$ cat start.cif   # mmCIF, C-alpha atoms and all ligand atoms
data_target
#
loop_
_atom_site.group_PDB
_atom_site.id
_atom_site.type_symbol
_atom_site.label_atom_id
_atom_site.label_comp_id
_atom_site.auth_asym_id
_atom_site.auth_seq_id
_atom_site.Cartn_x
_atom_site.Cartn_y
_atom_site.Cartn_z
ATOM 1 C CA MET A 1 8.031 -23.664 2.225
ATOM 2 C CA LEU A 2 5.498 -21.111 1.011
ATOM 3 C CA LEU A 3 6.198 -19.070 -2.094
ATOM 4 C CA ILE A 4 4.963 -15.514 -1.809
ATOM 5 C CA TYR A 5 4.570 -13.041 -4.674
ATOM 6 C CA CYS A 6 5.726 -9.484 -4.018
ATOM 7 C CA PRO A 7 3.688 -7.025 -6.104
ATOM 8 C CA TYR A 8 6.514 -4.482 -5.960
ATOM 9 C CA CYS A 9 9.375 -6.769 -6.979
ATOM 10 C CA GLY A 10 7.120 -8.668 -9.376
ATOM 11 C CA VAL A 11 8.594 -12.023 -8.368
ATOM 12 C CA GLU A 12 7.743 -15.025 -6.262
ATOM 13 C CA ARG A 13 10.096 -15.502 -3.327
ATOM 14 C CA PRO A 14 10.469 -17.941 -0.423
ATOM 15 C CA GLU A 15 8.602 -17.096 2.754
ATOM 16 C CA THR A 16 11.883 -16.549 4.627
ATOM 17 C CA GLU A 17 12.099 -13.133 2.930
ATOM 18 C CA PHE A 18 8.733 -12.056 4.365
ATOM 19 C CA GLN A 19 7.028 -11.200 7.623
ATOM 20 C CA CYS A 20 3.301 -11.335 8.225
ATOM 21 C CA GLY A 21 1.821 -8.114 9.589
ATOM 22 C CA GLY A 22 -1.568 -9.440 10.688
ATOM 23 C CA GLU A 23 -5.038 -8.519 9.493
ATOM 24 C CA ALA A 24 -5.200 -5.966 6.665
ATOM 25 C CA HIS A 25 -7.446 -2.953 6.197
ATOM 26 C CA ILE A 26 -7.678 -1.922 9.836
ATOM 27 C CA ALA A 27 -8.188 1.825 9.846
ATOM 28 C CA ARG A 28 -6.613 3.968 12.538
ATOM 29 C CA PRO A 29 -9.167 6.272 14.205
ATOM 30 C CA ALA A 30 -9.475 9.264 11.870
ATOM 31 C CA ASP A 31 -9.376 11.784 14.710
ATOM 32 C CA PRO A 32 -7.152 10.264 17.412
ATOM 33 C CA GLY A 33 -8.002 13.068 19.863
ATOM 34 C CA GLN A 34 -11.666 12.142 19.776
ATOM 35 C CA ALA A 35 -11.173 8.373 19.953
ATOM 36 C CA SER A 36 -12.416 6.721 23.143
ATOM 37 C CA GLU A 37 -10.532 4.026 25.020
ATOM 38 C CA GLU A 38 -12.871 1.473 23.481
ATOM 39 C CA ASP A 39 -11.998 2.773 20.004
ATOM 40 C CA TRP A 40 -8.312 2.251 20.758
ATOM 41 C CA VAL A 41 -8.879 -1.225 22.128
ATOM 42 C CA GLU A 42 -10.793 -2.044 18.960
ATOM 43 C CA PHE A 43 -8.054 -0.599 16.736
ATOM 44 C CA LEU A 44 -5.082 -2.046 18.574
ATOM 45 C CA TYR A 45 -6.174 -5.464 19.750
ATOM 46 C CA MET A 46 -9.428 -6.755 18.314
ATOM 47 C CA ARG A 47 -8.942 -8.981 15.276
ATOM 48 C CA THR A 48 -11.344 -11.081 13.236
ATOM 49 C CA ASN A 49 -9.113 -14.181 13.455
ATOM 50 C CA THR A 50 -10.769 -15.649 10.396
ATOM 51 C CA LYS A 51 -10.781 -19.357 9.748
ATOM 52 C CA GLY A 52 -10.839 -19.376 5.960
ATOM 53 C CA ILE A 53 -10.288 -16.584 3.434
ATOM 54 C CA ALA A 54 -8.661 -13.521 4.987
ATOM 55 C CA ALA A 55 -6.793 -10.399 3.864
ATOM 56 C CA GLU A 56 -3.459 -9.907 5.590
ATOM 57 C CA ARG A 57 -0.623 -7.418 5.552
ATOM 58 C CA TRP A 58 2.741 -8.805 4.551
ATOM 59 C CA ARG A 59 6.125 -7.149 4.385
ATOM 60 C CA HIS A 60 8.919 -8.048 1.980
ATOM 61 C CA THR A 61 11.403 -7.494 4.804
ATOM 62 C CA ASN A 62 14.432 -9.096 3.192
ATOM 63 C CA GLY A 63 13.653 -7.742 -0.247
ATOM 64 C CA CYS A 64 12.239 -4.387 -1.261
ATOM 65 C CA GLY A 65 11.080 -3.690 2.308
ATOM 66 C CA ARG A 66 7.572 -2.753 1.198
ATOM 67 C CA PHE A 67 4.278 -3.649 2.898
ATOM 68 C CA PHE A 68 1.611 -5.183 0.670
ATOM 69 C CA ASN A 69 -1.574 -7.158 1.159
ATOM 70 C CA ALA A 70 -2.392 -10.760 0.423
ATOM 71 C CA VAL A 71 -5.513 -12.878 0.539
ATOM 72 C CA ARG A 72 -4.795 -16.240 2.137
ATOM 73 C CA ASP A 73 -6.823 -19.248 3.109
ATOM 74 C CA THR A 74 -5.824 -19.613 6.748
ATOM 75 C CA VAL A 75 -6.857 -23.259 6.733
ATOM 76 C CA SER A 76 -4.817 -24.494 3.777
ATOM 77 C CA ASP A 77 -2.193 -21.686 3.831
ATOM 78 C CA LYS A 78 -2.818 -21.197 0.128
ATOM 79 C CA PHE A 79 -2.364 -17.652 -1.153
ATOM 80 C CA LEU A 80 -5.144 -16.507 -3.467
ATOM 81 C CA LYS A 81 -4.285 -12.888 -4.302
ATOM 82 C CA PHE A 82 -1.552 -10.294 -3.816
ATOM 83 C CA TYR A 83 -2.021 -6.531 -4.142
ATOM 84 C CA LYS A 84 -0.193 -3.341 -3.258
ATOM 85 C CA ALA A 85 -0.733 -1.418 -0.046
ATOM 86 C CA GLY A 86 -3.359 1.284 -0.496
ATOM 87 C CA GLU A 87 -5.408 -0.685 -3.017
ATOM 88 C CA THR A 88 -8.952 -1.483 -1.979
ATOM 89 C CA MET A 89 -9.763 -4.815 -0.383
ATOM 90 C CA PRO A 90 -10.872 -7.324 -3.016
ATOM 91 C CA ASP A 91 -14.192 -9.094 -2.737
ATOM 92 C CA LEU A 92 -13.257 -11.937 -0.384
ATOM 93 C CA GLU A 93 -16.491 -13.801 -0.991
ATOM 94 C CA ALA A 94 -15.913 -13.806 -4.744
ATOM 95 C CA ILE A 95 -12.377 -15.076 -4.182
ATOM 96 C CA ALA A 96 -13.665 -17.763 -1.860
ATOM 97 C CA LYS A 97 -16.269 -18.843 -4.405
ATOM 98 C CA GLU A 98 -13.658 -18.974 -7.147
ATOM 99 C CA ALA A 99 -11.429 -21.076 -4.943
ATOM 100 C CA GLY A 100 -14.360 -23.420 -4.383
ATOM 101 C CA LYS A 101 -14.831 -22.679 -0.705
ATOM 102 C CA MET X 1 37.105 -10.337 -16.260
ATOM 103 C CA SER X 2 36.733 -7.573 -18.823
ATOM 104 C CA GLU X 3 33.231 -8.546 -19.996
ATOM 105 C CA LEU X 4 31.723 -8.143 -16.533
ATOM 106 C CA LEU X 5 29.252 -5.451 -15.559
ATOM 107 C CA ALA X 6 30.792 -2.592 -13.559
ATOM 108 C CA ASN X 7 34.252 -4.116 -13.788
ATOM 109 C CA ASP X 8 35.765 -0.651 -13.275
ATOM 110 C CA LEU X 9 34.078 -0.614 -9.874
ATOM 111 C CA ILE X 10 33.821 -4.136 -8.494
ATOM 112 C CA THR X 11 37.334 -5.454 -8.102
ATOM 113 C CA PRO X 12 38.939 -8.041 -5.846
ATOM 114 C CA ASP X 13 40.737 -6.637 -2.839
ATOM 115 C CA ALA X 14 44.391 -6.818 -3.882
ATOM 116 C CA GLY X 15 45.607 -7.220 -0.306
ATOM 117 C CA GLU X 16 43.484 -10.283 0.421
ATOM 118 C CA SER X 17 44.120 -13.874 -0.588
ATOM 119 C CA PRO X 18 41.167 -15.779 -2.115
ATOM 120 C CA LEU X 19 38.710 -17.276 0.368
ATOM 121 C CA LEU X 20 38.117 -20.109 -2.049
ATOM 122 C CA SER X 21 39.900 -21.100 -5.207
ATOM 123 C CA LEU X 22 38.643 -24.202 -6.984
ATOM 124 C CA GLY X 23 38.665 -24.977 -10.673
ATOM 125 C CA ASN X 24 34.940 -24.325 -11.045
ATOM 126 C CA VAL X 25 34.257 -21.674 -8.401
ATOM 127 C CA SER X 26 36.169 -19.056 -6.464
ATOM 128 C CA ILE X 27 35.399 -16.527 -3.754
ATOM 129 C CA LEU X 28 37.343 -13.274 -3.572
ATOM 130 C CA LYS X 29 36.953 -10.417 -1.103
ATOM 131 C CA GLY X 30 35.762 -7.267 -2.855
ATOM 132 C CA ALA X 31 37.740 -4.046 -2.521
ATOM 133 C CA PRO X 32 36.228 -1.351 -0.276
ATOM 134 C CA LEU X 33 33.576 0.822 -1.918
ATOM 135 C CA THR X 34 31.544 3.924 -1.396
ATOM 136 C CA ARG X 35 28.014 2.747 -0.642
ATOM 137 C CA LEU X 36 25.165 5.200 -0.348
ATOM 138 C CA SER X 37 21.559 4.545 0.515
ATOM 139 C CA LEU X 38 19.276 6.940 -1.346
ATOM 140 C CA ARG X 39 15.551 7.286 -0.842
ATOM 141 C CA LEU X 40 13.434 9.770 -2.717
ATOM 142 C CA ARG X 41 10.236 10.299 -4.668
ATOM 143 C CA GLU X 42 9.673 9.707 -8.352
ATOM 144 C CA ALA X 43 9.977 13.404 -9.225
ATOM 145 C CA SER X 44 13.616 13.466 -8.052
ATOM 146 C CA VAL X 45 14.819 10.321 -9.851
ATOM 147 C CA LYS X 46 16.194 12.151 -12.917
ATOM 148 C CA ASP X 47 18.056 14.860 -10.999
ATOM 149 C CA ALA X 48 19.598 12.343 -8.623
ATOM 150 C CA GLY X 49 20.783 10.131 -11.473
ATOM 151 C CA LYS X 50 22.362 13.069 -13.290
ATOM 152 C CA ALA X 51 24.199 14.193 -10.169
ATOM 153 C CA PHE X 52 25.369 10.677 -9.371
ATOM 154 C CA GLY X 53 26.636 9.685 -12.807
ATOM 155 C CA ALA X 54 24.351 6.705 -13.415
ATOM 156 C CA SER X 55 20.589 6.965 -13.752
ATOM 157 C CA LEU X 56 18.437 5.414 -11.042
ATOM 158 C CA PRO X 57 16.705 2.290 -12.367
ATOM 159 C CA VAL X 58 12.930 2.341 -11.953
ATOM 160 C CA LYS X 59 12.371 -1.241 -13.061
ATOM 161 C CA ALA X 60 12.289 -3.632 -10.123
ATOM 162 C CA LEU X 61 15.471 -5.624 -9.364
ATOM 163 C CA THR X 62 17.597 -3.968 -12.053
ATOM 164 C CA CYS X 63 20.733 -1.818 -12.081
ATOM 165 C CA GLU X 64 22.184 1.023 -14.129
ATOM 166 C CA VAL X 65 25.908 1.423 -14.483
ATOM 167 C CA GLY X 66 27.952 4.433 -15.542
ATOM 168 C CA ASP X 67 31.636 5.292 -15.507
ATOM 169 C CA LYS X 68 32.758 3.937 -12.109
ATOM 170 C CA ARG X 69 29.179 4.191 -10.865
ATOM 171 C CA ALA X 70 26.394 1.713 -10.243
ATOM 172 C CA ALA X 71 22.843 2.398 -9.090
ATOM 173 C CA LEU X 72 21.018 -0.648 -7.751
ATOM 174 C CA TRP X 73 17.244 -0.873 -7.315
ATOM 175 C CA MET X 74 16.424 -1.898 -3.743
ATOM 176 C CA GLY X 75 12.764 -0.881 -3.591
ATOM 177 C CA PRO X 76 10.256 1.402 -5.358
ATOM 178 C CA ASP X 77 11.765 4.467 -3.650
ATOM 179 C CA GLU X 78 15.136 3.129 -2.516
ATOM 180 C CA TRP X 79 18.482 2.669 -4.246
ATOM 181 C CA THR X 80 22.002 1.629 -3.290
ATOM 182 C CA LEU X 81 24.631 3.701 -5.062
ATOM 183 C CA LEU X 82 28.150 2.351 -5.563
ATOM 184 C CA ALA X 83 31.266 4.361 -6.392
ATOM 185 C CA PRO X 84 35.011 4.037 -5.744
ATOM 186 C CA GLU X 85 36.056 4.425 -2.131
ATOM 187 C CA ASP X 86 37.798 7.770 -2.722
ATOM 188 C CA ASP X 87 34.780 9.346 -4.414
ATOM 189 C CA LEU X 88 32.625 9.374 -1.275
ATOM 190 C CA GLN X 89 32.766 13.102 -0.568
ATOM 191 C CA SER X 90 32.413 14.251 -4.157
ATOM 192 C CA VAL X 91 29.502 11.924 -4.945
ATOM 193 C CA PHE X 92 27.754 12.743 -1.685
ATOM 194 C CA ASN X 93 28.127 16.473 -2.181
ATOM 195 C CA SER X 94 27.011 16.490 -5.785
ATOM 196 C CA ILE X 95 23.812 14.568 -4.978
ATOM 197 C CA GLU X 96 23.077 16.763 -1.958
ATOM 198 C CA THR X 97 23.562 19.877 -4.065
ATOM 199 C CA ALA X 98 21.298 18.616 -6.836
ATOM 200 C CA LEU X 99 18.557 17.612 -4.390
ATOM 201 C CA LYS X 100 18.799 20.473 -1.922
ATOM 202 C CA ASP X 101 15.213 21.577 -2.562
ATOM 203 C CA GLN X 102 13.739 18.088 -2.860
ATOM 204 C CA PRO X 103 12.787 15.741 -0.031
ATOM 205 C CA HIS X 104 15.224 12.815 0.120
ATOM 206 C CA ALA X 105 17.447 10.776 2.418
ATOM 207 C CA LEU X 106 21.058 10.157 1.444
ATOM 208 C CA VAL X 107 23.041 8.082 3.923
ATOM 209 C CA ASP X 108 26.629 6.856 3.798
ATOM 210 C CA ILE X 109 26.498 3.100 4.450
ATOM 211 C CA SER X 110 29.957 2.301 3.072
ATOM 212 C CA GLU X 111 31.150 0.587 6.234
ATOM 213 C CA ARG X 112 27.956 -1.347 6.898
ATOM 214 C CA SER X 113 28.615 -4.185 4.500
ATOM 215 C CA GLU X 114 31.416 -6.069 2.825
ATOM 216 C CA SER X 115 31.339 -7.752 -0.523
ATOM 217 C CA ILE X 116 32.610 -11.012 -1.895
ATOM 218 C CA ILE X 117 32.823 -11.936 -5.552
ATOM 219 C CA VAL X 118 31.618 -15.468 -6.214
ATOM 220 C CA SER X 119 32.481 -16.633 -9.704
ATOM 221 C CA GLY X 120 32.850 -19.748 -11.770
ATOM 222 C CA GLU X 121 30.551 -22.264 -13.415
ATOM 223 C CA LYS X 122 29.471 -23.550 -10.004
ATOM 224 C CA ALA X 123 28.825 -20.070 -8.533
ATOM 225 C CA ALA X 124 25.023 -20.288 -8.816
ATOM 226 C CA TRP X 125 25.080 -23.822 -7.427
ATOM 227 C CA LEU X 126 27.138 -22.651 -4.477
ATOM 228 C CA LEU X 127 24.850 -19.710 -3.688
ATOM 229 C CA ASN X 128 21.848 -22.011 -3.908
ATOM 230 C CA THR X 129 23.166 -23.925 -0.909
ATOM 231 C CA GLY X 130 21.790 -21.035 1.186
ATOM 232 C CA ILE X 131 19.561 -18.939 -1.085
ATOM 233 C CA PHE X 132 16.207 -20.164 -2.390
ATOM 234 C CA ILE X 133 16.162 -18.198 -5.640
ATOM 235 C CA ASP X 134 16.205 -19.527 -9.190
ATOM 236 C CA PHE X 135 19.562 -18.342 -10.554
ATOM 237 C CA SER X 136 19.025 -19.590 -14.110
ATOM 238 C CA LEU X 137 19.855 -16.828 -16.602
ATOM 239 C CA GLU X 138 16.212 -16.628 -17.737
ATOM 240 C CA ALA X 139 14.923 -16.016 -14.216
ATOM 241 C CA PHE X 140 17.876 -14.036 -12.907
ATOM 242 C CA PRO X 141 19.663 -12.367 -15.843
ATOM 243 C CA VAL X 142 22.983 -10.500 -15.731
ATOM 244 C CA GLY X 143 22.409 -7.147 -14.038
ATOM 245 C CA MET X 144 19.652 -8.353 -11.727
ATOM 246 C CA VAL X 145 20.099 -7.349 -8.110
ATOM 247 C CA THR X 146 18.095 -8.212 -5.027
ATOM 248 C CA ARG X 147 18.139 -8.379 -1.290
ATOM 249 C CA THR X 148 17.416 -11.817 0.059
ATOM 250 C CA VAL X 149 18.437 -14.212 2.823
ATOM 251 C CA PHE X 150 21.455 -16.529 2.845
ATOM 252 C CA HIS X 151 20.648 -19.159 5.465
ATOM 253 C CA LYS X 152 19.857 -16.726 8.316
ATOM 254 C CA SER X 153 21.772 -13.659 7.179
ATOM 255 C CA PRO X 154 20.285 -10.863 5.057
ATOM 256 C CA VAL X 155 22.392 -10.419 1.923
ATOM 257 C CA MET X 156 22.356 -8.541 -1.350
ATOM 258 C CA VAL X 157 23.060 -10.495 -4.522
ATOM 259 C CA TRP X 158 24.003 -8.794 -7.773
ATOM 260 C CA ARG X 159 24.736 -10.758 -10.922
ATOM 261 C CA THR X 160 27.528 -8.992 -12.805
ATOM 262 C CA GLY X 161 28.235 -11.769 -15.288
ATOM 263 C CA PRO X 162 26.772 -15.108 -16.415
ATOM 264 C CA ASP X 163 28.950 -16.872 -13.825
ATOM 265 C CA THR X 164 29.762 -13.995 -11.486
ATOM 266 C CA PHE X 165 27.847 -12.706 -8.489
ATOM 267 C CA VAL X 166 28.617 -9.945 -6.023
ATOM 268 C CA VAL X 167 27.323 -10.868 -2.584
ATOM 269 C CA GLU X 168 27.149 -8.228 0.133
ATOM 270 C CA ALA X 169 26.487 -8.908 3.785
ATOM 271 C CA TRP X 170 26.751 -6.799 6.903
ATOM 272 C CA VAL X 171 30.329 -6.712 8.163
ATOM 273 C CA SER X 172 29.621 -8.796 11.256
ATOM 274 C CA PHE X 173 27.738 -11.407 9.198
ATOM 275 C CA MET X 174 30.329 -11.826 6.462
ATOM 276 C CA ASP X 175 32.349 -14.483 8.274
ATOM 277 C CA TYR X 176 29.150 -16.492 8.625
ATOM 278 C CA VAL X 177 28.195 -16.081 4.948
ATOM 279 C CA ALA X 178 31.656 -16.643 3.480
ATOM 280 C CA GLY X 179 32.378 -19.424 5.968
ATOM 281 C CA LEU X 180 29.272 -21.390 5.040
ATOM 282 C CA LEU X 181 29.983 -20.927 1.330
ATOM 283 C CA VAL X 182 33.527 -22.223 1.727
ATOM 284 C CA GLN X 183 32.238 -25.162 3.752
ATOM 285 C CA ALA X 184 29.568 -26.004 1.162
ATOM 286 C CA ALA X 185 32.230 -25.876 -1.543
ATOM 287 C CA GLN X 186 33.970 -28.829 0.083
ATOM 288 C CA GLU X 187 31.233 -30.904 -1.476
ATOM 289 C CA LEU X 188 32.540 -29.879 -4.897
ATOM 290 C CA GLN X 189 36.062 -30.920 -3.962
ATOM 291 C CA ALA X 190 34.853 -34.270 -2.664
ATOM 292 C CA ALA X 191 32.930 -35.019 -5.861
HETATM 293 ZN ZN ZN R 201 9.453 -6.910 -2.882
#
$ encode --input "start.cif" --output "structure tokens" --more "lines below"
Ligand SMILES: [Zn+2]
Amino acid sequence: MLLIYCPYCGVERPETEFQCGGEAHIARPADPGQASEEDWVEFLYMRTNTKGIAAERWRHTNGCGRFFNAVRDTVSDKFLKFYKAGETMPDLEAIAKEAGK
Amino acid sequence: MSELLANDLITPDAGESPLLSLGNVSILKGAPLTRLSLRLREASVKDAGKAFGASLPVKALTCEVGDKRAALWMGPDEWTLLAPEDDLQSVFNSIETALKDQPHALVDISERSESIIVSGEKAAWLLNTGIFIDFSLEAFPVGMVTRTVFHKSPVMVWRTGPDTFVVEAWVSFMDYVAGLLVQAAQELQAA
């Protein structure tokens, strides 16, 4: 079982308390009225589907209920960083280098 | 049970017989309570606490207790407030009055869940049959409260004493939670 750290609760908890919310840092079109169909397709469906180091949204569903972000190696499942929603995306390349990838 | 946290509030239901009664662990149904879900912003925390009768804890996973009141941290902007069953209207009204000009959500969730009181030297062991949390006193001290999962049911666990836990589950899930605990306790009897 994976142990996941919630940056709001400040504790590590079993993965059964969490739900993954997919790729992080996907911005909704700033002016929805002006967004084309292609913009919506891009926003709603197109994902990077990274093999390696990726930033994901996670939700502490059976805990504080908050969304936060985590950097995870999608190959090994190892979590490398946790940070609160709204914080800027960390430098994934630096994290990858540190992790020896 | 006099040394327990909030012992003027969390009491066994007098009309119910124990669900489990072993030498080293017991499970009692908790008496009905007023339960309120309160969500608000940081600026309203003080006013809400004053109106309620126990301040709202801002430290994650902690509680604050007052005279027949307990405020439990559920999330950075969410609390569960506990009071005696008969105080529902008065508590509700006093918080609504205090917060009338501040954005907030106060919801009566008294009937949503039921509580059981799991106590005894094997209480933590018993809960660990379905909850993957370290219940040592260093990691989970008296007063700590959290939502988590017991097997497949969402539950709330609140440690009110070194060997006493209050476990709340939704009404329709309580038979499942209490039933599995009682079943797991058979292992203690067999030992
Ligand atoms: Zn959390």
$ residues_near_point --input "start.cif" --point "(32.9, 4.6, -6.1)" --cutoff "8 Å" --atoms "all atoms listed in the file" --output "JSON, numbers by chain"
{"X": [9, 33, 34, 35, 68, 69, 82, 83, 84, 85, 86, 87, 88]}
$ closest_atom_pairs --input "start.cif" --of "chain X" --to "chain A" --cutoff "10 Å" --atoms "all atoms listed in the file" --output "JSON lines"
{"residue": "X:Lys59", "atom": "CA", "partner": "A:Cys9", "partner_atom": "CA", "distance": 8.7}
{"residue": "X:Ala60", "atom": "CA", "partner": "A:Cys9", "partner_atom": "CA", "distance": 5.3}
{"residue": "X:Leu61", "atom": "CA", "partner": "A:Cys9", "partner_atom": "CA", "distance": 6.6}
{"residue": "X:Trp73", "atom": "CA", "partner": "A:Cys64", "partner_atom": "CA", "distance": 8.6}
{"residue": "X:Met74", "atom": "CA", "partner": "A:Cys64", "partner_atom": "CA", "distance": 5.5}
{"residue": "X:Gly75", "atom": "CA", "partner": "A:Cys64", "partner_atom": "CA", "distance": 4.2}
{"residue": "X:Pro76", "atom": "CA", "partner": "A:Tyr8", "partner_atom": "CA", "distance": 7.0}
{"residue": "X:Asp77", "atom": "CA", "partner": "A:Cys64", "partner_atom": "CA", "distance": 9.2}
{"residue": "X:Glu78", "atom": "CA", "partner": "A:Cys64", "partner_atom": "CA", "distance": 8.2}
{"residue": "X:Trp79", "atom": "CA", "partner": "A:Cys64", "partner_atom": "CA", "distance": 9.9}
{"residue": "X:Ile131", "atom": "CA", "partner": "A:Pro14", "partner_atom": "CA", "distance": 9.2}
{"residue": "X:Phe132", "atom": "CA", "partner": "A:Pro14", "partner_atom": "CA", "distance": 6.5}
{"residue": "X:Ile133", "atom": "CA", "partner": "A:Arg13", "partner_atom": "CA", "distance": 7.0}
{"residue": "X:Asp134", "atom": "CA", "partner": "A:Arg13", "partner_atom": "CA", "distance": 9.4}
{"residue": "X:Ala139", "atom": "CA", "partner": "A:Val11", "partner_atom": "CA", "distance": 9.5}
{"residue": "X:Thr146", "atom": "CA", "partner": "A:Gly63", "partner_atom": "CA", "distance": 6.5}
{"residue": "X:Arg147", "atom": "CA", "partner": "A:Gly63", "partner_atom": "CA", "distance": 4.6}
{"residue": "X:Thr148", "atom": "CA", "partner": "A:Asn62", "partner_atom": "CA", "distance": 5.1}
{"residue": "X:Val149", "atom": "CA", "partner": "A:Glu17", "partner_atom": "CA", "distance": 6.4}
{"residue": "X:Phe150", "atom": "CA", "partner": "A:Thr16", "partner_atom": "CA", "distance": 9.7}
{"residue": "X:His151", "atom": "CA", "partner": "A:Thr16", "partner_atom": "CA", "distance": 9.2}
{"residue": "X:Lys152", "atom": "CA", "partner": "A:Thr16", "partner_atom": "CA", "distance": 8.8}
{"residue": "X:Ser153", "atom": "CA", "partner": "A:Asn62", "partner_atom": "CA", "distance": 9.5}
{"residue": "X:Pro154", "atom": "CA", "partner": "A:Asn62", "partner_atom": "CA", "distance": 6.4}
{"residue": "X:Val155", "atom": "CA", "partner": "A:Asn62", "partner_atom": "CA", "distance": 8.2}
{"residue": "X:Met156", "atom": "CA", "partner": "A:Gly63", "partner_atom": "CA", "distance": 8.8}
$ resolve_selection --input "start.cif" --expression "the PyMOL selection byres (((chain A and resi 56) around 9) and not hetatm)" --output "list of chain:residue names"
A:Cys20, A:Gly21, A:Gly22, A:Glu23, A:Ala24, A:His25, A:Ala54, A:Ala55, A:Arg57, A:Trp58, A:Phe68, A:Asn69, A:Ala70, A:Val71, A:Arg72
$ resolve_selection --input "start.cif" --expression "the PyMOL selection byres (((chain X and resi 118) around 6) and not hetatm)" --output "ChimeraX atom specification"
/X:26-27,117,119,123,164-165
$ closest_residue --input "start.cif" --among "A:Glu98, A:Arg59, A:Met89, A:Glu38" --to "ligand ZN 201 (chain R)" --atoms "all atoms listed in the file"
A:Arg59
$ resolve_selection --input "start.cif" --expression "the PyMOL selection byres (((chain X and resi 104) around 12) and not hetatm)" --output "VMD selection string"
chain X and resid 37 to 45 47 to 48 77 to 79 95 to 103 105 to 107
$ atom_distance --input "start.cif" --atom1 "CA of Ala71 (chain X)" --atom2 "CA of Ala54 (chain X)"
6.3 Å
$ atom_distance --input "start.cif" --atom1 "CA of Asn24 (chain X)" --atom2 "CA of Val182 (chain X)"
13.0 Å
$ residues_around --input "start.cif" --residues "Ser136 (chain X)" --least-positions-apart "6" --cutoff "12 Å" --atoms "all atoms listed in the file" --output "ChimeraX atom specification"
/X:121-125,127-128,142,144,159,162-163
$ axis_aligned_box --input "start.cif" --around "region 1-9 of chain A" --padding-each-side "5 Å" --output "lines of an AutoDock Vina configuration file"
center_x = 6.5
center_y = -14.1
center_z = -2.4
size_x = 15.7
size_y = 29.2
size_z = 19.2
$ atom_distance --input "start.cif" --atom1 "CA of Val75 (chain A)" --atom2 "CA of Lys101 (chain A)"
10.9 Å
$ closest_residue --input "start.cif" --among "A:Phe82, A:Met46, A:Asp77, A:Ile95" --to "Leu2 (chain A)" --atoms "all atoms listed in the file"
A:Asp77
$ residues_around --input "start.cif" --residues "Ile116 (chain X)" --least-positions-apart "5" --cutoff "8 Å" --atoms "all atoms listed in the file" --output "PDB file with C-alpha atoms, in the frame of the given file"
ATOM      1  CA  ILE X  27      35.399 -16.527  -3.754  1.00  0.00           C
ATOM      2  CA  LEU X  28      37.343 -13.274  -3.572  1.00  0.00           C
ATOM      3  CA  LYS X  29      36.953 -10.417  -1.103  1.00  0.00           C
ATOM      4  CA  GLY X  30      35.762  -7.267  -2.855  1.00  0.00           C
ATOM      5  CA  VAL X 166      28.617  -9.945  -6.023  1.00  0.00           C
ATOM      6  CA  VAL X 167      27.323 -10.868  -2.584  1.00  0.00           C
ATOM      7  CA  GLU X 168      27.149  -8.228   0.133  1.00  0.00           C
ATOM      8  CA  ALA X 178      31.656 -16.643   3.480  1.00  0.00           C
TER       9      ALA X 178
END
$ closest_residue --input "start.cif" --among "X:Leu5, X:Ala70, X:Ser94, X:Val25" --to "Ala185 (chain X)" --atoms "only C-alpha atoms"
X:Val25
$ residues_around --input "start.cif" --residues "Ala30 (chain A)" --least-positions-apart "4" --cutoff "12 Å" --atoms "only C-alpha atoms" --output "PyMOL selection string"
chain A and resi 26+34-36+39-40+43
$ closest_residue --input "start.cif" --among "X:Ala190, X:Ile10, X:Cys63, X:Leu19" --to "Met174 (chain X)" --atoms "all atoms listed in the file"
X:Leu19
